[in-house]
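Novice: File follows, final-v8.cif with mmCIF, C-alpha atoms and all ligand atoms:
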```
data_my_file
loop_
_atom_site.label_atom_id
_atom_site.label_comp_id
_atom_site.auth_asym_id
_atom_site.auth_seq_id
_atom_site.Cartn_x
_atom_site.Cartn_y
_atom_site.Cartn_z
CA MET I 54 0.00 0.00 0.00
CA VAL I 55 1.24 3.50 -0.78
CA ASN I 56 -0.05 4.90 2.53
CA ALA I 57 -0.89 3.70 6.03
CA PRO I 58 -4.52 2.48 6.40
CA PHE I 59 -5.80 5.95 7.43
CA GLY I 60 -4.25 7.55 4.34
CA ASP I 61 -5.51 7.68 0.76
CA PRO I 62 -5.89 4.31 -0.94
CA GLY I 63 -3.30 3.15 -3.47
CA LEU I 64 -1.59 -0.15 -4.20
CA PHE I 65 1.79 0.11 -5.90
CA VAL I 66 2.96 -3.04 -7.71
CA PRO I 67 6.62 -2.86 -8.81
CA PHE I 68 8.04 -5.45 -11.21
CA CYS I 69 11.22 -7.30 -10.19
CA PHE I 70 14.34 -6.50 -12.25
CA GLU I 71 12.38 -4.01 -14.39
CA LYS I 72 12.01 -0.25 -14.20
CA ARG I 73 8.28 -0.70 -14.32
CA ALA I 74 5.29 -0.69 -11.99
CA ILE I 75 1.54 -0.44 -12.07
CA ILE I 76 -0.69 1.25 -9.52
CA PHE I 77 -4.25 0.73 -8.34
CA ASP I 78 -5.76 4.11 -7.40
CA LEU I 79 -4.02 7.44 -7.35
CA GLY I 80 -4.77 9.08 -4.03
CA ASP I 81 -2.01 11.03 -2.30
CA ILE I 82 1.15 9.43 -3.74
CA SER I 83 3.66 11.83 -2.15
CA ARG I 84 5.10 8.95 -0.11
CA LEU I 85 6.30 7.28 -3.30
CA SER I 86 9.75 8.32 -4.52
CA THR I 87 10.07 10.13 -7.86
CA ARG I 88 12.00 7.12 -9.08
CA ASP I 89 9.08 4.80 -8.26
CA ILE I 90 6.43 7.13 -9.70
CA LEU I 91 8.36 7.30 -12.98
CA LYS I 92 8.26 3.49 -13.20
CA ILE I 93 4.46 3.49 -13.46
CA SER I 94 3.15 2.46 -16.89
CA HIS I 95 -0.50 1.72 -16.04
CA CYS I 96 -2.89 3.28 -13.49
CA PHE I 97 -6.13 1.54 -12.63
CA ILE I 98 -8.52 3.98 -10.96
CA SER I 99 -11.44 2.47 -9.06
CA HIS I 100 -13.44 5.73 -9.22
CA THR I 101 -12.77 9.45 -9.27
CA HIS I 102 -13.53 10.50 -5.70
CA MET I 103 -10.66 12.82 -4.76
CA ASP I 104 -8.98 10.40 -2.38
CA HIS I 105 -8.50 8.00 -5.31
CA PHE I 106 -7.53 10.40 -8.09
CA ILE I 107 -5.80 13.48 -6.68
CA GLY I 108 -2.38 11.87 -7.23
CA LEU I 109 -2.71 12.20 -11.00
CA ASP I 110 -1.50 15.80 -10.70
CA THR I 111 1.69 14.73 -8.89
CA MET I 112 2.25 12.09 -11.51
CA LEU I 113 1.75 14.42 -14.49
CA ARG I 114 4.00 17.01 -12.89
CA LEU I 115 6.84 14.47 -12.73
CA MET I 116 6.27 12.95 -16.15
CA LEU I 117 6.04 16.24 -18.09
CA GLY I 118 8.94 16.68 -20.47
CA ARG I 119 9.89 13.00 -20.40
CA THR I 120 9.48 10.29 -23.01
CA LYS I 121 6.56 8.34 -21.64
CA LYS I 122 3.24 6.77 -22.46
CA LEU I 123 0.95 6.44 -19.46
CA CYS I 124 -2.15 4.24 -19.68
CA LEU I 125 -5.09 4.95 -17.39
CA PHE I 126 -8.26 2.99 -16.74
CA GLY I 127 -11.35 4.12 -14.85
CA PRO I 128 -15.11 3.69 -14.64
CA GLU I 129 -17.94 5.32 -16.57
CA GLY I 130 -17.42 9.09 -16.81
CA PHE I 131 -13.65 8.73 -16.42
CA LEU I 132 -12.74 10.41 -19.72
CA GLU I 133 -14.79 13.47 -18.84
CA ASN I 134 -13.19 13.66 -15.37
CA LEU I 135 -9.71 13.29 -16.81
CA GLU I 136 -10.37 15.92 -19.48
CA GLY I 137 -11.70 18.23 -16.77
CA LYS I 138 -8.47 17.82 -14.79
CA LEU I 139 -6.32 18.36 -17.90
CA SER I 140 -8.23 21.49 -18.86
CA GLY I 141 -7.56 22.96 -15.41
CA TYR I 142 -4.00 23.99 -16.38
CA SER I 143 -2.44 26.26 -19.01
CA TRP I 144 -0.29 24.29 -21.42
CA ASP I 145 1.13 27.06 -23.62
CA LEU I 146 4.76 25.87 -23.30
CA VAL I 147 4.39 22.15 -23.88
CA GLU I 148 4.46 22.23 -27.69
CA LYS I 149 8.18 23.02 -27.41
CA TYR I 150 8.91 19.87 -25.39
CA GLU I 151 11.08 17.49 -27.32
CA ASN I 152 10.31 14.22 -25.58
CA PRO I 153 6.99 12.63 -26.51
CA PHE I 154 4.63 12.19 -23.57
CA SER I 155 1.09 10.90 -24.00
CA LEU I 156 -1.83 9.53 -22.05
CA GLN I 157 -4.07 6.72 -23.17
CA ALA I 158 -7.24 6.62 -21.13
CA THR I 159 -9.95 3.96 -21.12
CA GLU I 160 -13.30 4.10 -19.41
CA VAL I 161 -15.09 0.89 -18.61
CA HIS I 162 -18.81 0.37 -19.19
CA PRO I 163 -20.77 -2.82 -18.49
CA THR I 164 -20.29 -4.22 -22.02
CA HIS I 165 -17.77 -1.93 -23.70
CA MET I 166 -14.72 0.27 -23.16
CA LEU I 167 -13.97 3.69 -24.67
CA THR I 168 -10.38 4.79 -25.24
CA ARG I 169 -8.97 8.22 -26.07
CA ASN I 170 -5.42 9.50 -26.50
CA TYR I 171 -4.02 12.80 -25.25
CA ILE I 172 -0.65 14.07 -26.44
CA CYS I 173 1.29 16.50 -24.26
CA GLN I 174 2.63 18.52 -27.22
CA ASN I 175 -0.99 19.03 -28.36
CA MET I 176 -1.81 20.52 -24.95
CA PHE I 177 -3.47 17.23 -23.97
CA GLN I 178 -6.39 17.96 -26.28
CA SER I 179 -8.23 14.75 -27.12
CA SER I 180 -7.48 13.62 -30.65
CA GLY I 181 -11.26 13.56 -31.09
CA LYS I 182 -11.13 9.87 -31.92
CA THR I 183 -12.76 7.46 -29.47
CA GLU I 184 -11.99 3.76 -29.92
CA ARG I 185 -14.63 1.32 -28.79
CA GLN I 186 -13.88 -2.25 -27.70
CA SER I 187 -16.06 -4.85 -26.07
CA PHE I 188 -15.58 -5.44 -22.33
CA ASP I 189 -15.84 -8.75 -20.57
CA SER I 190 -13.66 -8.32 -17.49
CA LEU I 191 -10.21 -8.22 -19.18
CA LEU I 192 -8.53 -4.78 -19.26
CA LEU I 193 -4.93 -5.62 -20.08
CA GLU I 194 -3.17 -8.76 -21.19
CA GLU I 195 0.58 -9.17 -21.57
CA PRO I 196 2.60 -12.42 -21.78
CA SER I 197 3.56 -12.23 -18.09
CA PHE I 198 0.33 -10.98 -16.50
CA SER I 199 -3.21 -9.73 -17.00
CA VAL I 200 -5.47 -7.24 -15.24
CA SER I 201 -9.22 -7.81 -15.01
CA SER I 202 -11.97 -5.69 -13.61
CA VAL I 203 -15.48 -5.92 -12.23
CA ILE I 204 -17.95 -3.02 -12.04
CA LEU I 205 -19.26 -2.54 -8.51
CA ASP I 206 -21.74 -0.21 -6.83
CA HIS I 207 -20.51 2.67 -4.62
CA SER I 208 -23.57 4.79 -5.48
CA ILE I 209 -21.46 5.62 -8.53
CA SER I 210 -19.69 2.87 -10.52
CA CYS I 211 -16.49 1.70 -8.86
CA LEU I 212 -14.05 -0.79 -10.38
CA GLY I 213 -12.55 -3.74 -8.51
CA PHE I 214 -9.33 -5.16 -9.94
CA VAL I 215 -7.38 -8.41 -10.11
CA ILE I 216 -3.82 -8.79 -11.37
CA LYS I 217 -2.79 -12.31 -12.28
CA GLU I 218 0.64 -13.56 -13.24
CA ALA I 219 0.70 -16.06 -16.10
CA ILE I 220 3.21 -18.19 -14.16
CA HIS I 221 5.35 -17.40 -11.13
CA ILE I 222 9.07 -17.73 -11.75
CA ASN I 223 11.17 -18.03 -8.61
CA ILE I 224 14.85 -17.46 -9.32
CA LYS I 225 17.23 -19.58 -7.23
CA LYS I 226 19.80 -16.91 -6.50
CA THR I 227 22.48 -19.23 -5.14
CA GLU I 228 22.29 -21.33 -8.33
CA VAL I 229 22.68 -18.16 -10.41
CA GLN I 230 25.79 -17.26 -8.42
CA LYS I 231 27.18 -20.80 -8.81
CA LEU I 232 27.13 -20.23 -12.58
CA GLY I 233 29.35 -17.17 -12.04
CA LEU I 234 26.51 -14.80 -12.94
CA ASP I 235 24.94 -11.97 -10.98
CA VAL I 236 21.30 -11.50 -10.03
CA GLY I 237 20.62 -8.61 -12.38
CA PRO I 238 18.56 -7.25 -15.26
CA TRP I 239 19.44 -10.13 -17.61
CA LEU I 240 17.07 -12.27 -15.54
CA ASN I 241 14.27 -10.15 -16.84
CA LYS I 242 15.03 -11.24 -20.41
CA PHE I 243 15.20 -14.80 -19.16
CA LYS I 244 11.77 -14.50 -17.52
CA LYS I 245 10.40 -12.85 -20.65
CA ALA I 246 11.56 -15.82 -22.73
CA LEU I 247 9.66 -18.14 -20.36
CA PHE I 248 6.52 -15.99 -20.33
CA GLU I 249 6.57 -15.91 -24.13
CA GLN I 250 7.00 -19.70 -24.17
CA LYS I 251 10.12 -19.61 -26.32
CA PRO I 252 11.27 -23.07 -27.57
CA PRO I 253 13.25 -25.08 -24.98
CA ASP I 254 16.14 -25.48 -27.46
CA MET I 255 16.53 -21.75 -27.92
CA ILE I 256 20.04 -20.58 -27.07
CA PHE I 257 19.83 -17.98 -24.34
CA GLU I 258 22.69 -15.62 -23.65
CA ALA I 259 23.11 -14.46 -20.07
CA ILE I 260 25.11 -11.26 -19.71
CA SER I 261 26.13 -10.61 -16.18
CA ASN I 262 27.16 -7.14 -15.01
CA ASN I 263 29.42 -8.36 -12.21
CA GLU I 264 33.13 -7.46 -12.13
CA LYS I 265 34.07 -10.05 -14.72
CA SER I 266 31.15 -9.01 -16.96
CA ARG I 267 30.64 -12.64 -17.79
CA LYS I 268 28.69 -13.86 -20.82
CA ALA I 269 27.39 -17.39 -20.99
CA SER I 270 25.10 -19.29 -23.36
CA PHE I 271 22.64 -21.97 -22.34
CA ARG I 272 19.82 -23.98 -23.84
CA LEU I 273 16.77 -22.24 -22.41
CA GLN I 274 15.47 -25.44 -20.84
CA ASP I 275 18.83 -26.29 -19.23
CA LEU I 276 19.09 -22.83 -17.70
CA THR I 277 15.48 -23.02 -16.50
CA GLU I 278 16.12 -26.36 -14.77
CA LYS I 279 19.23 -24.94 -13.09
CA ILE I 280 18.06 -21.57 -11.82
CA ALA I 281 14.26 -21.40 -11.82
CA LYS I 282 11.35 -22.89 -9.96
CA ILE I 283 8.05 -22.39 -11.77
CA THR I 284 4.84 -22.33 -9.76
CA PRO I 285 1.29 -21.18 -10.60
CA GLY I 286 0.98 -17.42 -11.15
CA GLN I 287 0.03 -15.24 -8.20
CA LYS I 288 -3.31 -13.46 -8.06
CA ILE I 289 -3.70 -10.15 -6.24
CA ALA I 290 -7.09 -8.51 -5.81
CA TYR I 291 -7.91 -4.88 -4.95
CA ILE I 292 -11.44 -4.01 -3.81
CA THR I 293 -12.34 -0.62 -2.43
CA ASP I 294 -15.29 1.70 -1.85
CA VAL I 295 -18.20 -0.70 -2.16
CA ARG I 296 -21.56 -0.88 -0.50
CA TYR I 297 -22.33 -4.13 1.28
CA ASN I 298 -25.22 -5.44 -0.77
CA GLU I 299 -26.07 -8.75 -2.36
CA GLN I 300 -25.39 -7.59 -5.88
CA ASN I 301 -21.84 -6.45 -5.00
CA ILE I 302 -21.06 -9.54 -2.92
CA GLU I 303 -22.22 -11.86 -5.70
CA LYS I 304 -19.84 -10.14 -8.09
CA ILE I 305 -16.88 -9.76 -5.73
CA ILE I 306 -16.60 -13.31 -4.38
CA PRO I 307 -16.13 -15.22 -7.67
CA PHE I 308 -13.90 -12.42 -8.96
CA ILE I 309 -11.42 -12.61 -6.08
CA THR I 310 -11.65 -16.33 -5.30
CA GLY I 311 -8.24 -18.00 -5.11
CA SER I 312 -6.34 -14.74 -4.57
CA ASP I 313 -2.96 -15.02 -2.89
CA HIS I 314 -3.49 -11.57 -1.44
CA LEU I 315 -6.63 -9.47 -1.24
CA PHE I 316 -6.45 -5.75 -0.48
CA ILE I 317 -9.89 -4.67 0.68
CA GLU I 318 -11.27 -1.52 2.23
CA ALA I 319 -12.74 -1.58 5.72
CA ALA I 320 -13.71 2.00 6.41
CA PHE I 321 -15.85 1.33 9.48
CA SER I 322 -16.29 -0.98 12.41
CA ASP I 323 -19.35 -3.22 12.32
CA LYS I 324 -20.82 -1.29 15.24
CA HIS I 325 -21.21 1.57 12.72
CA LYS I 326 -22.54 -0.61 9.91
CA ASP I 327 -25.48 1.71 9.25
CA ILE I 328 -23.12 4.61 8.64
CA ALA I 329 -20.97 2.32 6.47
CA TYR I 330 -24.01 1.41 4.39
CA ALA I 331 -25.14 5.02 4.06
CA LYS I 332 -21.64 6.04 2.96
CA ASN I 333 -21.31 3.08 0.58
CA HIS I 334 -18.39 1.48 2.42
CA LEU I 335 -17.61 -1.87 4.02
CA THR I 336 -17.08 -2.61 7.68
CA ALA I 337 -14.08 -4.60 8.87
CA ARG I 338 -16.33 -7.56 9.65
CA GLN I 339 -17.81 -7.47 6.15
CA ALA I 340 -14.35 -7.19 4.57
CA GLY I 341 -13.08 -10.19 6.60
CA GLU I 342 -16.18 -12.19 5.75
CA ILE I 343 -15.73 -11.52 2.02
CA ALA I 344 -12.06 -12.54 2.27
CA GLY I 345 -12.99 -15.76 4.08
CA LYS I 346 -15.86 -16.68 1.76
CA ALA I 347 -13.56 -16.22 -1.25
CA GLY I 348 -10.89 -18.36 0.46
CA VAL I 349 -8.09 -15.87 -0.14
CA ALA I 350 -4.74 -16.86 1.36
CA ARG I 351 -4.01 -13.43 2.90
CA PHE I 352 -5.77 -10.14 3.14
CA THR I 353 -5.01 -6.55 4.10
CA ILE I 354 -7.62 -3.99 5.12
CA PHE I 355 -7.26 -0.24 4.51
CA HIS I 356 -9.15 3.08 4.04
CA PHE I 357 -9.99 3.41 7.75
CA SER I 358 -12.22 6.28 8.83
CA PRO I 359 -10.26 8.80 10.98
CA ARG I 360 -12.75 8.17 13.82
CA TYR I 361 -10.75 4.97 14.60
CA THR I 362 -7.37 6.69 14.97
CA GLY I 363 -5.47 4.83 17.68
CA ASN I 364 -7.99 2.00 17.46
CA GLU I 365 -6.90 0.25 14.28
CA ILE I 366 -6.17 -3.00 16.14
CA MET I 367 -9.91 -3.26 16.85
CA LEU I 368 -10.64 -3.12 13.09
CA GLN I 369 -7.92 -5.70 12.37
CA MET I 370 -9.28 -8.07 15.02
CA GLU I 371 -12.85 -7.66 13.81
CA ALA I 372 -11.80 -8.49 10.23
CA GLU I 373 -9.61 -11.45 11.31
CA ALA I 374 -12.41 -13.01 13.35
CA ALA I 375 -14.92 -12.69 10.50
CA TYR I 376 -12.35 -14.13 8.06
CA ARG I 377 -11.76 -17.20 10.26
CA ASP I 378 -15.49 -17.77 10.77
CA ALA I 379 -16.31 -17.46 7.07
CA PHE I 380 -13.27 -19.51 6.00
CA THR I 381 -14.18 -22.52 8.14
CA ALA I 382 -17.95 -22.25 7.52
ZN ZN E 401 -15.35 6.70 -2.87
ZN ZN E 402 -12.47 6.35 -0.94
#
```
Just give me the structure as structure tokens.
Specialist:
Amino acid sequence: MVNAPFGDPGLFVPFCFEKRAIIFDLGDISRLSTRDILKISHCFISHTHMDHFIGLDTMLRLMLGRTKKLCLFGPEGFLENLEGKLSGYSWDLVEKYENPFSLQATEVHPTHMLTRNYICQNMFQSSGKTERQSFDSLLLEEPSFSVSSVILDHSISCLGFVIKEAIHINIKKTEVQKLGLDVGPWLNKFKKALFEQKPPDMIFEAISNNEKSRKASFRLQDLTEKIAKITPGQKIAYITDVRYNEQNIEKIIPFITGSDHLFIEAAFSDKHKDIAYAKNHLTARQAGEIAGKAGVARFTIFHFSPRYTGNEIMLQMEAEAAYRDAFTA
């Protein structure tokens, strides 16, 4: 999580050995380093309440003038909100910028998605072209992972997200070192070859950046057997700002089932469940119960109301107890 549980929501997912990350929600991101923010290639915004979207300004400020394409996803009305934000600034100097920077934004409707592009040098004016694609849960698919979404009810539409690795590649670091190689960026190319299911006989060249700058060639399969352990891909789910109603629960549980880690809001204690319902949020008990019913391996609660400052243990315990009860039921 970008912030402590009383802070703005945001889940930062960095990629190992790559200068890349994705983020779920863009609340206050000032706790992230500039270096980390610049790694972000895709932002998945649950909805555009300020606490989930105010960080876009910080991000744009840092990315201006750099070579970058940033992809954004959000719910119905997202393009209008984004365009409103972009039109809130004067952009008279950007046409002189040499490095191309652009935004690609997609809003998700129940059966389709709309995508528009905004180029910095054109003062972020929409190109006027809107691409339409069908939507059936999948937002992004790459060889190594995919991101899916479900549309939930928070009085306005709010997106829940799941990121799933295609396979999980554990690198055995000591075996890498035994080959005289370092644990470095070349492993990323190695992983890419596995994600893309390259032929086992392919000759793979490992270039190590250690003192000896060693180069070594292997059959892909031989190297895989030596240094990698392949297990099923991990699934991480992110659910925030949802009302506790049957319709939401029926959508959330199958969507997050089998997650290795669920991040789920728990704004209120169950003793304030009426307030939670009126404000379209979950209680800690409800969050724990959802986690248990879906059989997730681990879960983290966040987005606590400030009224529980100093009392967060109570929310944690409430969620844990509900999780255990629902899990064994
Ligand atoms: Zn909200
Ligand atoms: Zn919120």
Novice: If you count all atoms listed in the file, which residues end up within 7 Å of ligand ZN 401 (chain E), as a ChimeraX atom specification?
Specialist: /I:100,102,207,294
Novice: Which residue is closest to ligand ZN 402 (chain E)? Choose from I:Lys332, I:Lys92, I:Lys242, I:Arg169 and count all atoms listed in the file.
Specialist: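 The answer is I:Lys332, which sits nearest to ligand ZN 402 (chain E).
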Novice: Write out as a ChimeraX atom specification each polymer residue whose atoms come within 12 Å of Tyr330 (chain I), counting only C-alpha atoms; drop sequence neighbours fewer than 4 positions from it.
Specialist: /I:206-208,294-298,319-326,334-336,339
Novice: Within 8 Å of ligand ZN 402 (chain E) (counting all atoms listed in the file), which residues show up? I'd like them as a ChimeraX atom specification.
Specialist: /I:61-62,102-105,293-294,356
Novice: Per residue of region 135-177 of chain I within 12 Å of region 211-224 of chain I, note the shortest atom pair and the distance in Å to one decimal, counting all atoms listed in the file, and order the rows by chain and increasing residue number, as CSV.
Specialist:
```
residue,atom,partner,partner_atom,distance
I:Glu160,CA,I:Leu212,CA,10.3
I:Val161,CA,I:Leu212,CA,8.5
I:His162,CA,I:Leu212,CA,10.1
I:Pro163,CA,I:Leu212,CA,10.7
```
Novice: Write the residues you've just listed into a file as an mmCIF file, in the frame of the given file, and include C-alpha atoms for each of them.
Specialist:
```cif
data_model
loop_
_atom_site.group_PDB
_atom_site.id
_atom_site.type_symbol
_atom_site.label_atom_id
_atom_site.label_comp_id
_atom_site.auth_asym_id
_atom_site.auth_seq_id
_atom_site.Cartn_x
_atom_site.Cartn_y
_atom_site.Cartn_z
ATOM 1 C CA GLU I 160 -13.300 4.100 -19.410
ATOM 2 C CA VAL I 161 -15.090 0.890 -18.610
ATOM 3 C CA HIS I 162 -18.810 0.370 -19.190
ATOM 4 C CA PRO I 163 -20.770 -2.820 -18.490
#
```
Novice: Calculated over all atoms listed in the file, which of the candidates I:Phe357, I:Tyr171, I:Trp239, I:Phe65 has the smallest distance to Ser86 (chain I)?
Specialist: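 Selected residue with least distance to Ser86 (chain I): I:Phe65.
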Novice: If we count all atoms listed in the file, what is near region 228-236 of chain I at a cut-off of 12 Å, once residues fewer than 5 positions away on the same chain are taken out, given as a list in words?
Specialist: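 With the cut-off at 12 Å, the set is Cys69, Phe70, Asn223, Asn241, Phe243, Glu258, Ala259, Ile260, Ser261, Asn262, Asn263, Glu264, Lys265, Ser266, Arg267, Lys268, Ala269, Ser270, Phe271, Leu276, Thr277, Glu278, Lys279, Ile280, Ala281 and Lys282 of chain I.
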Novice: Take the selection from the previous step and output its residues with C-alpha atoms, as an mmCIF file, in the frame of the given file.
Specialist:
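To be explicit, this is the file written out as out-v4.cif:
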```cif
data_model
loop_
_atom_site.group_PDB
_atom_site.id
_atom_site.type_symbol
_atom_site.label_atom_id
_atom_site.label_comp_id
_atom_site.auth_asym_id
_atom_site.auth_seq_id
_atom_site.Cartn_x
_atom_site.Cartn_y
_atom_site.Cartn_z
ATOM 1 C CA CYS I 69 11.220 -7.300 -10.190
ATOM 2 C CA PHE I 70 14.340 -6.500 -12.250
ATOM 3 C CA ASN I 223 11.170 -18.030 -8.610
ATOM 4 C CA ASN I 241 14.270 -10.150 -16.840
ATOM 5 C CA PHE I 243 15.200 -14.800 -19.160
ATOM 6 C CA GLU I 258 22.690 -15.620 -23.650
ATOM 7 C CA ALA I 259 23.110 -14.460 -20.070
ATOM 8 C CA ILE I 260 25.110 -11.260 -19.710
ATOM 9 C CA SER I 261 26.130 -10.610 -16.180
ATOM 10 C CA ASN I 262 27.160 -7.140 -15.010
ATOM 11 C CA ASN I 263 29.420 -8.360 -12.210
ATOM 12 C CA GLU I 264 33.130 -7.460 -12.130
ATOM 13 C CA LYS I 265 34.070 -10.050 -14.720
ATOM 14 C CA SER I 266 31.150 -9.010 -16.960
ATOM 15 C CA ARG I 267 30.640 -12.640 -17.790
ATOM 16 C CA LYS I 268 28.690 -13.860 -20.820
ATOM 17 C CA ALA I 269 27.390 -17.390 -20.990
ATOM 18 C CA SER I 270 25.100 -19.290 -23.360
ATOM 19 C CA PHE I 271 22.640 -21.970 -22.340
ATOM 20 C CA LEU I 276 19.090 -22.830 -17.700
ATOM 21 C CA THR I 277 15.480 -23.020 -16.500
ATOM 22 C CA GLU I 278 16.120 -26.360 -14.770
ATOM 23 C CA LYS I 279 19.230 -24.940 -13.090
ATOM 24 C CA ILE I 280 18.060 -21.570 -11.820
ATOM 25 C CA ALA I 281 14.260 -21.400 -11.820
ATOM 26 C CA LYS I 282 11.350 -22.890 -9.960
#
```
Novice: Which polymer residues have any atom within 10 Å of an atom of Glu342 (chain I), counting only C-alpha atoms, with same-chain residues fewer than 3 positions away left out, as number ranges by chain?
Specialist: I: 336-339, 345-348, 371-380
Novice: What would the list of residues within 12 Å of (5.1, 15.7, -18.9) (file frame) look like as a PyMOL selection string, if all atoms listed in the file are what count?
Specialist: chain I and resi 91+109-123+139+144+146-156+171-177
Novice: Would you mind telling me which residue in I:Pro58, I:Ile107, I:Ala246, I:Ser190 lies nearest to Gly363 (chain I) when using all atoms listed in the file?
Specialist: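 Once distances to Gly363 (chain I) are computed over all atoms listed in the file, the minimum belongs to I:Pro58.
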Novice: In terms of the shortest atom-to-atom distance over all atoms listed in the file, which of I:Ala344, I:Ala158, I:Ile93, I:Pro307 is closest to Thr381 (chain I)?
Specialist: I:Ala344
Novice: Set the distance at 9 Å and use all atoms listed in the file: which residues neighbour Glu136 (chain I) once local chain neighbours fewer than 5 positions away are removed? I'd like the list as a ChimeraX atom specification.
Specialist: /I:131,141,177-179
Novice: Is it possible to dump region 157-171 of chain I as a tab-separated table (two decimals), in the first residue's frame, including just N, CA and C atoms?
Specialist:
```
chain	number	residue	atom	x	y	z
I	157	GLN	N	-3.02	7.51	-22.51
I	157	GLN	CA	-4.07	6.72	-23.17
I	157	GLN	C	-5.06	6.34	-22.08
I	158	ALA	N	-6.28	6.84	-22.21
I	158	ALA	CA	-7.24	6.62	-21.13
I	158	ALA	C	-8.42	5.79	-21.62
I	159	THR	N	-8.84	4.87	-20.76
I	159	THR	CA	-9.95	3.96	-21.12
I	159	THR	C	-10.99	4.00	-20.03
I	160	GLU	N	-12.24	4.21	-20.41
I	160	GLU	CA	-13.30	4.10	-19.41
I	160	GLU	C	-14.11	2.84	-19.67
I	161	VAL	N	-14.50	2.23	-18.55
I	161	VAL	CA	-15.09	0.89	-18.61
I	161	VAL	C	-16.59	0.96	-18.35
I	162	HIS	N	-17.35	0.45	-19.31
I	162	HIS	CA	-18.81	0.37	-19.19
I	162	HIS	C	-19.18	-1.12	-19.07
I	163	PRO	N	-20.43	-1.41	-18.70
I	163	PRO	CA	-20.77	-2.82	-18.49
I	163	PRO	C	-20.42	-3.75	-19.66
I	164	THR	N	-20.58	-3.30	-20.89
I	164	THR	CA	-20.29	-4.22	-22.02
I	164	THR	C	-19.25	-3.68	-22.98
I	165	HIS	N	-18.77	-2.46	-22.77
I	165	HIS	CA	-17.77	-1.93	-23.70
I	165	HIS	C	-16.80	-0.98	-22.99
I	166	MET	N	-15.72	-0.68	-23.69
I	166	MET	CA	-14.72	0.27	-23.16
I	166	MET	C	-14.49	1.35	-24.22
I	167	LEU	N	-14.26	2.57	-23.76
I	167	LEU	CA	-13.97	3.69	-24.67
I	167	LEU	C	-12.57	4.20	-24.37
I	168	THR	N	-11.77	4.36	-25.43
I	168	THR	CA	-10.38	4.79	-25.24
I	168	THR	C	-10.09	6.05	-26.04
I	169	ARG	N	-9.42	7.00	-25.39
I	169	ARG	CA	-8.97	8.22	-26.07
I	169	ARG	C	-7.50	8.47	-25.75
I	170	ASN	N	-6.84	9.17	-26.68
I	170	ASN	CA	-5.42	9.50	-26.50
I	170	ASN	C	-5.25	11.01	-26.35
I	171	TYR	N	-4.30	11.38	-25.51
I	171	TYR	CA	-4.02	12.80	-25.25
I	171	TYR	C	-2.51	12.99	-25.34
```
